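Listing of start-v7.pdb; format and content: PDB, C-alpha atoms, pLDDT in the B column.
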ATOM      1  CA  MET M  28       0.000   0.000   0.000  1.00 37.00           C
ATOM      2  CA  PHE M  29       2.779   2.460   0.860  1.00 38.00           C
ATOM      3  CA  LEU M  30       4.635   1.762  -2.412  1.00 37.00           C
ATOM      4  CA  TRP M  31       1.466   2.274  -4.449  1.00 38.00           C
ATOM      5  CA  SER M  32       0.703   5.676  -2.944  1.00 35.00           C
ATOM      6  CA  TYR M  33       4.334   6.766  -3.463  1.00 38.00           C
ATOM      7  CA  VAL M  34       4.162   5.896  -7.172  1.00 38.00           C
ATOM      8  CA  LEU M  35       0.811   7.664  -7.513  1.00 36.00           C
ATOM      9  CA  CYS M  36       2.138  10.823  -5.821  1.00 36.00           C
ATOM     10  CA  LYS M  37       5.265  10.744  -7.964  1.00 39.00           C
ATOM     11  CA  GLU M  38       3.179  10.455 -11.157  1.00 39.00           C
ATOM     12  CA  MET M  39       0.951  13.338 -10.032  1.00 38.00           C
ATOM     13  CA  ALA M  40       4.032  15.505  -9.399  1.00 40.00           C
ATOM     14  CA  VAL M  41       5.264  14.824 -12.948  1.00 40.00           C
ATOM     15  CA  VAL M  42       1.871  15.832 -14.358  1.00 41.00           C
ATOM     16  CA  ARG M  43       1.973  19.109 -12.404  1.00 44.00           C
ATOM     17  CA  LYS M  44       5.447  19.954 -13.733  1.00 48.00           C
ATOM     18  CA  ASN M  45       4.348  19.515 -17.366  1.00 45.00           C
ATOM     19  CA  LYS M  46       1.128  21.502 -16.952  1.00 53.00           C
ATOM     20  CA  LYS M  47       1.291  25.237 -17.762  1.00 71.00           C
ATOM     21  CA  ASN M  48      -0.025  27.654 -15.179  1.00 88.00           C
ATOM     22  CA  LEU M  49      -3.301  29.462 -15.750  1.00 92.00           C
ATOM     23  CA  SER M  50      -4.163  32.600 -13.808  1.00 92.00           C
ATOM     24  CA  ILE M  51      -7.390  34.594 -14.121  1.00 94.00           C
ATOM     25  CA  ILE M  52      -8.124  38.121 -12.964  1.00 94.00           C
ATOM     26  CA  ASP M  53     -11.920  37.974 -12.927  1.00 94.00           C
ATOM     27  CA  LYS M  54     -14.450  40.726 -13.706  1.00 94.00           C
ATOM     28  CA  GLU M  55     -14.902  41.802 -10.101  1.00 93.00           C
ATOM     29  CA  LEU M  56     -11.170  42.117  -9.416  1.00 94.00           C
ATOM     30  CA  LYS M  57      -9.135  45.352  -9.637  1.00 95.00           C
ATOM     31  CA  ILE M  58      -5.363  45.216  -9.225  1.00 94.00           C
ATOM     32  CA  ASP M  59      -3.098  48.215  -8.723  1.00 95.00           C
ATOM     33  CA  GLY M  60       0.570  47.174  -8.711  1.00 94.00           C
ATOM     34  CA  SER M  61       2.929  44.680 -10.333  1.00 94.00           C
ATOM     35  CA  ILE M  62       2.006  41.273 -11.722  1.00 93.00           C
ATOM     36  CA  GLU M  63       4.520  38.532 -12.539  1.00 93.00           C
ATOM     37  CA  SER M  64       3.140  35.392 -14.114  1.00 90.00           C
ATOM     38  CA  CYS M  65       4.352  32.331 -15.952  1.00 90.00           C
ATOM     39  CA  GLY M  66       2.058  30.412 -18.217  1.00 91.00           C
ATOM     40  CA  LYS M  67      -1.186  32.022 -19.298  1.00 95.00           C
ATOM     41  CA  LEU M  68      -2.769  35.066 -17.644  1.00 95.00           C
ATOM     42  CA  ILE M  69      -6.353  36.025 -18.533  1.00 96.00           C
ATOM     43  CA  VAL M  70      -7.497  39.524 -17.552  1.00 97.00           C
ATOM     44  CA  LYS M  71     -11.266  39.968 -17.284  1.00 97.00           C
ATOM     45  CA  GLY M  72     -11.079  42.695 -14.626  1.00 96.00           C
ATOM     46  CA  GLN M  73      -8.935  45.812 -14.309  1.00 96.00           C
ATOM     47  CA  VAL M  74      -5.155  46.071 -13.947  1.00 96.00           C
ATOM     48  CA  LYS M  75      -3.179  49.253 -13.328  1.00 97.00           C
ATOM     49  CA  GLY M  76       0.601  48.919 -13.074  1.00 95.00           C
ATOM     50  CA  THR M  77       3.168  46.576 -14.609  1.00 96.00           C
ATOM     51  CA  ILE M  78       2.813  43.087 -16.047  1.00 96.00           C
ATOM     52  CA  ASP M  79       5.695  40.692 -16.643  1.00 95.00           C
ATOM     53  CA  GLY M  80       4.592  37.378 -18.096  1.00 94.00           C
ATOM     54  CA  ASP M  81       4.490  34.812 -20.845  1.00 94.00           C
ATOM     55  CA  VAL M  82       1.083  34.713 -22.570  1.00 96.00           C
ATOM     56  CA  VAL M  83      -1.426  37.391 -21.575  1.00 97.00           C
ATOM     57  CA  ILE M  84      -5.000  37.607 -22.831  1.00 97.00           C
ATOM     58  CA  ILE M  85      -7.132  40.665 -22.136  1.00 97.00           C
ATOM     59  CA  ALA M  86     -10.742  39.511 -22.427  1.00 97.00           C
ATOM     60  CA  GLN M  87     -13.504  41.668 -23.907  1.00 96.00           C
ATOM     61  CA  ASP M  88     -14.387  43.205 -20.513  1.00 95.00           C
ATOM     62  CA  GLY M  89     -10.745  43.474 -19.401  1.00 97.00           C
ATOM     63  CA  GLU M  90      -8.884  46.752 -18.984  1.00 97.00           C
ATOM     64  CA  VAL M  91      -5.137  47.238 -18.570  1.00 97.00           C
ATOM     65  CA  ASN M  92      -3.444  50.592 -17.884  1.00 97.00           C
ATOM     66  CA  SER M  93       0.228  49.725 -17.788  1.00 95.00           C
ATOM     67  CA  THR M  94       3.401  51.701 -17.251  1.00 94.00           C
ATOM     68  CA  LEU M  95       5.298  48.713 -18.703  1.00 95.00           C
ATOM     69  CA  THR M  96       4.098  45.319 -19.902  1.00 96.00           C
ATOM     70  CA  LYS M  97       6.693  42.703 -20.952  1.00 96.00           C
ATOM     71  CA  VAL M  98       5.261  39.492 -22.427  1.00 96.00           C
ATOM     72  CA  SER M  99       5.971  37.002 -25.161  1.00 95.00           C
ATOM     73  CA  SER M 100       2.419  37.179 -26.536  1.00 96.00           C
ATOM     74  CA  LEU M 101      -0.474  39.579 -25.881  1.00 97.00           C
ATOM     75  CA  THR M 102      -3.998  39.147 -27.211  1.00 97.00           C
ATOM     76  CA  ILE M 103      -6.304  42.112 -26.687  1.00 97.00           C
ATOM     77  CA  GLY M 104     -10.070  41.692 -26.759  1.00 97.00           C
ATOM     78  CA  GLY M 105     -10.650  44.518 -24.281  1.00 97.00           C
ATOM     79  CA  SER M 106      -8.631  47.664 -23.664  1.00 97.00           C
ATOM     80  CA  PHE M 107      -4.874  48.192 -23.286  1.00 98.00           C
ATOM     81  CA  LYS M 108      -3.228  51.565 -22.595  1.00 98.00           C
ATOM     82  CA  GLY M 109       0.475  52.000 -21.918  1.00 96.00           C
ATOM     83  CA  GLU M 110       3.882  50.699 -22.928  1.00 97.00           C
ATOM     84  CA  LEU M 111       4.174  47.171 -24.303  1.00 96.00           C
ATOM     85  CA  ILE M 112       7.073  44.933 -25.251  1.00 96.00           C
ATOM     86  CA  ALA M 113       5.894  41.669 -26.843  1.00 96.00           C
ATOM     87  CA  SER M 114       8.822  39.447 -27.836  1.00 94.00           C
ATOM     88  CA  LYS M 115       6.652  37.289 -30.118  1.00 95.00           C
ATOM     89  CA  GLU M 116       3.278  38.748 -31.058  1.00 95.00           C
ATOM     90  CA  LEU M 117       0.564  41.287 -30.446  1.00 97.00           C
ATOM     91  CA  ILE M 118      -2.929  40.324 -31.557  1.00 97.00           C
ATOM     92  CA  ILE M 119      -5.739  42.875 -31.419  1.00 97.00           C
ATOM     93  CA  LEU M 120      -9.157  41.272 -31.805  1.00 97.00           C
ATOM     94  CA  ALA M 121     -12.173  43.000 -33.393  1.00 96.00           C
ATOM     95  CA  SER M 122     -13.409  44.061 -29.936  1.00 97.00           C
ATOM     96  CA  GLY M 123      -9.961  45.202 -28.751  1.00 97.00           C
ATOM     97  CA  SER M 124      -8.207  48.549 -28.525  1.00 97.00           C
ATOM     98  CA  CYS M 125      -4.553  49.380 -27.933  1.00 97.00           C
ATOM     99  CA  GLU M 126      -3.082  52.809 -27.159  1.00 97.00           C
ATOM    100  CA  GLY M 127       0.445  53.848 -26.225  1.00 96.00           C
ATOM    101  CA  LYS M 128       3.862  52.588 -27.277  1.00 96.00           C
ATOM    102  CA  VAL M 129       4.339  49.089 -28.725  1.00 96.00           C
ATOM    103  CA  VAL M 130       7.422  47.035 -29.555  1.00 95.00           C
ATOM    104  CA  CYS M 131       6.644  43.588 -30.972  1.00 95.00           C
ATOM    105  CA  GLN M 132       7.782  41.003 -33.478  1.00 94.00           C
ATOM    106  CA  ASP M 133       4.473  40.132 -35.182  1.00 94.00           C
ATOM    107  CA  LEU M 134       1.418  42.387 -35.269  1.00 95.00           C
ATOM    108  CA  ILE M 135      -2.076  41.192 -36.134  1.00 95.00           C
ATOM    109  CA  VAL M 136      -5.098  43.500 -36.064  1.00 95.00           C
ATOM    110  CA  GLU M 137      -8.513  42.031 -36.838  1.00 96.00           C
ATOM    111  CA  ASN M 138     -11.061  44.041 -38.789  1.00 96.00           C
ATOM    112  CA  GLY M 139     -12.690  46.378 -36.237  1.00 95.00           C
ATOM    113  CA  GLY M 140      -9.764  46.315 -33.808  1.00 96.00           C
ATOM    114  CA  MET M 141      -8.400  49.730 -32.840  1.00 96.00           C
ATOM    115  CA  LEU M 142      -4.691  50.561 -32.754  1.00 95.00           C
ATOM    116  CA  ASN M 143      -3.506  54.044 -31.806  1.00 95.00           C
ATOM    117  CA  ALA M 144       0.138  53.644 -30.801  1.00 94.00           C
ATOM    118  CA  ASP M 145       3.755  54.310 -31.664  1.00 95.00           C
ATOM    119  CA  ILE M 146       4.678  50.952 -33.155  1.00 94.00           C
ATOM    120  CA  SER M 147       8.033  49.326 -33.715  1.00 93.00           C
ATOM    121  CA  CYS M 148       7.876  45.839 -35.222  1.00 90.00           C
ATOM    122  CA  LYS M 149      11.181  44.057 -34.828  1.00 84.00           C
ATOM    123  CA  THR M 150      12.226  40.979 -36.740  1.00 74.00           C
ATOM    124  CA  THR M 151      13.913  38.175 -34.860  1.00 60.00           C
ATOM    125  CA  SER M 152      17.249  39.306 -36.254  1.00 55.00           C
ATOM    126  CA  LYS M 153      16.729  42.786 -34.781  1.00 54.00           C
ATOM    127  CA  MET M 154      15.615  41.409 -31.424  1.00 51.00           C
ATOM    128  CA  ALA M 155      18.521  38.957 -31.259  1.00 44.00           C
ATOM    129  CA  PRO M 156      22.108  39.305 -32.489  1.00 41.00           C
ATOM    130  CA  ALA M 157      22.041  39.751 -36.241  1.00 37.00           C
ATOM    131  CA  LYS M 158      22.974  36.905 -38.567  1.00 42.00           C
ATOM    132  CA  LYS M 159      24.474  37.713 -41.930  1.00 44.00           C
ATOM    133  CA  GLU M 160      22.337  36.100 -44.580  1.00 46.00           C
ATOM    134  CA  LYS M 161      23.153  36.266 -48.250  1.00 50.00           C
ATOM    135  CA  SER M 162      20.418  36.997 -50.716  1.00 47.00           C
ATOM    136  CA  PHE M 163      19.664  34.858 -53.756  1.00 50.00           C
ATOM    137  CA  PHE M 164      21.229  37.450 -56.063  1.00 50.00           C
ATOM    138  CA  SER M 165      24.475  37.709 -54.105  1.00 51.00           C
ATOM    139  CA  LYS M 166      24.822  33.910 -54.224  1.00 54.00           C
ATOM    140  CA  LYS M 167      24.408  33.997 -58.024  1.00 54.00           C
ATOM    141  CA  ALA M 168      27.007  36.766 -58.336  1.00 54.00           C
ATOM    142  CA  GLU M 169      29.452  34.753 -56.208  1.00 56.00           C
ATOM    143  CA  SER M 170      28.983  31.650 -58.351  1.00 55.00           C
ATOM    144  CA  ARG M 171      29.602  33.721 -61.523  1.00 54.00           C
ATOM    145  CA  GLN M 172      32.783  35.124 -59.978  1.00 54.00           C
ATOM    146  CA  LYS M 173      33.960  31.595 -59.168  1.00 52.00           C
ATOM    147  CA  GLU M 174      33.226  30.505 -62.762  1.00 52.00           C
ATOM    148  CA  GLU M 175      35.138  33.501 -64.117  1.00 52.00           C
ATOM    149  CA  LYS M 176      38.118  32.724 -61.908  1.00 50.00           C
ATOM    150  CA  GLN M 177      38.114  29.126 -63.081  1.00 53.00           C
ATOM    151  CA  ILE M 178      38.052  30.210 -66.699  1.00 53.00           C
ATOM    152  CA  GLU M 179      40.948  32.622 -66.201  1.00 49.00           C
ATOM    153  CA  LEU M 180      43.167  29.843 -64.865  1.00 44.00           C
TER     154      LEU M 180
END

Please lay out the structure from this file as structure tokens.
Amino acid sequence: MFLWSYVLCKEMAVVRKNKKNLSIIDKELKIDGSIESCGKLIVKGQVKGTIDGDVVIIAQDGEVNSTLTKVSSLTIGGSFKGELIASKELIILASGSCEGKVVCQDLIVENGGMLNADISCKTTSKMAPAKKEKSFFSKKAESRQKEEKQIEL
């Protein structure tokens, strides 16, 4: 009996480690301050302050007034005002509005969504150290130069 319960507890602990966190700020909740979250954060209420997290979703009734929000992905169905840094994507749904200053990699605005912000969309190469990539035309020019050199010999 003891061995069985140990195995069961150990398996449950493994399941918890693999499961992403989900946090919800419900409609009746107002937060003034800093929020740090890992996993998914859904905002249905009101937040004033800073948010540092992974995936944040502002629901249709949600409101965020942020001095600084740093996330990998932000989906706005409600209202966002402030400064945003989204390392992956910003999605503004048809019911959503975004005002302020935005730095993101990918930007998607659905028909009806409102965007009134200073926007800077960065590619992965601009967000990370730049890699030198050669274009198709430069590769062709190099191959012609190699052919010419071979002919000259």

* Which of M:Asp79, M:Asp53, M:Asp88, M:Glu116 sits closest to Asp133 (chain M) [using all atoms listed in the file] ->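 Using all atoms listed in the file, Asp133 (chain M) sits closest to M:Glu116.
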
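Closest approach to Ser61 (chain M) among M:Phe107, M:Gln87, M:Ala113, M:Thr94 is made by M:Thr94 (distances from all atoms listed in the file).
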
* To do: Go ahead and compute the interatomic distance for CA of Leu134 (chain M) and CA of Lys75 (chain M), in Å to one decimal.
  =>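 Interatomic distance here is 23.4 Å.
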
* **Protein, DNA and RNA residues within 7 Å of (-5.4, 50.3, -21.1), all atoms listed in the file, as a count of residues only** => 10

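Here the PyMOL selection byres ((chain M and resi 82) around 9) matches the residues Ser64, Cys65, Gly66, Lys67, Leu68, Ile69, Gly80, Asp81, Val83, Ile84, Val98, Ser99, Ser100, Leu101 and Thr102 of chain M.
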
Store the residues of this selection in a file with C-alpha atoms, as a CSV table (one decimal), in the coordinates of the input.
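Written file, again24.csv:
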chain,number,residue,atom,x,y,z
M,64,SER,CA,3.1,35.4,-14.1
M,65,CYS,CA,4.4,32.3,-16.0
M,66,GLY,CA,2.1,30.4,-18.2
M,67,LYS,CA,-1.2,32.0,-19.3
M,68,LEU,CA,-2.8,35.1,-17.6
M,69,ILE,CA,-6.4,36.0,-18.5
M,80,GLY,CA,4.6,37.4,-18.1
M,81,ASP,CA,4.5,34.8,-20.8
M,83,VAL,CA,-1.4,37.4,-21.6
M,84,ILE,CA,-5.0,37.6,-22.8
M,98,VAL,CA,5.3,39.5,-22.4
M,99,SER,CA,6.0,37.0,-25.2
M,100,SER,CA,2.4,37.2,-26.5
M,101,LEU,CA,-0.5,39.6,-25.9
M,102,THR,CA,-4.0,39.1,-27.2

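Of the residues listed (M:Cys148, M:Ile119, M:Ser124, M:Ile78), M:Ile119 shows the shortest atom-to-atom separation from Val136 (chain M); distances use all atoms listed in the file.
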
Carefully work through the PyMOL selection byres ((chain M and resi 121) around 7) for this structure and note down the residues it includes, as a CSV table (one decimal) with C-alpha atoms, in the coordinates of the input.
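Final output, out-v1.csv:
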chain,number,residue,atom,x,y,z
M,119,ILE,CA,-5.7,42.9,-31.4
M,120,LEU,CA,-9.2,41.3,-31.8
M,122,SER,CA,-13.4,44.1,-29.9
M,123,GLY,CA,-10.0,45.2,-28.8
M,137,GLU,CA,-8.5,42.0,-36.8
M,138,ASN,CA,-11.1,44.0,-38.8
M,139,GLY,CA,-12.7,46.4,-36.2
M,140,GLY,CA,-9.8,46.3,-33.8

* **Target residues per the PyMOL selection byres ((chain M and resi 54) around 8), formatted as a PyMOL selection string** => chain M and resi 52-53+55-56+71-73+88-89

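Take CA of Ile62 (chain M) and CA of Ala86 (chain M): the distance between them is 16.7 Å.
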
* **Å distance separating CA of Cys131 (chain M) from CA of Asp59 (chain M), one decimal place** => 24.7 Å

* Can you work out which one of M:Leu111, M:Leu49, M:Gly76, M:Ile85 has the shortest atom-to-atom distance to Ala144 (chain M), counting all atoms listed in the file? => M:Leu111

Could you put an axis-aligned box around every listed atom of region 46-61 of chain M, padded by 4 Å on each side, and send me its centre and edge lengths in Å to one decimal, as JSON?
{"center_x": -6.0, "center_y": 34.9, "center_z": -13.2, "size_x": 25.8, "size_y": 34.7, "size_z": 17.1}
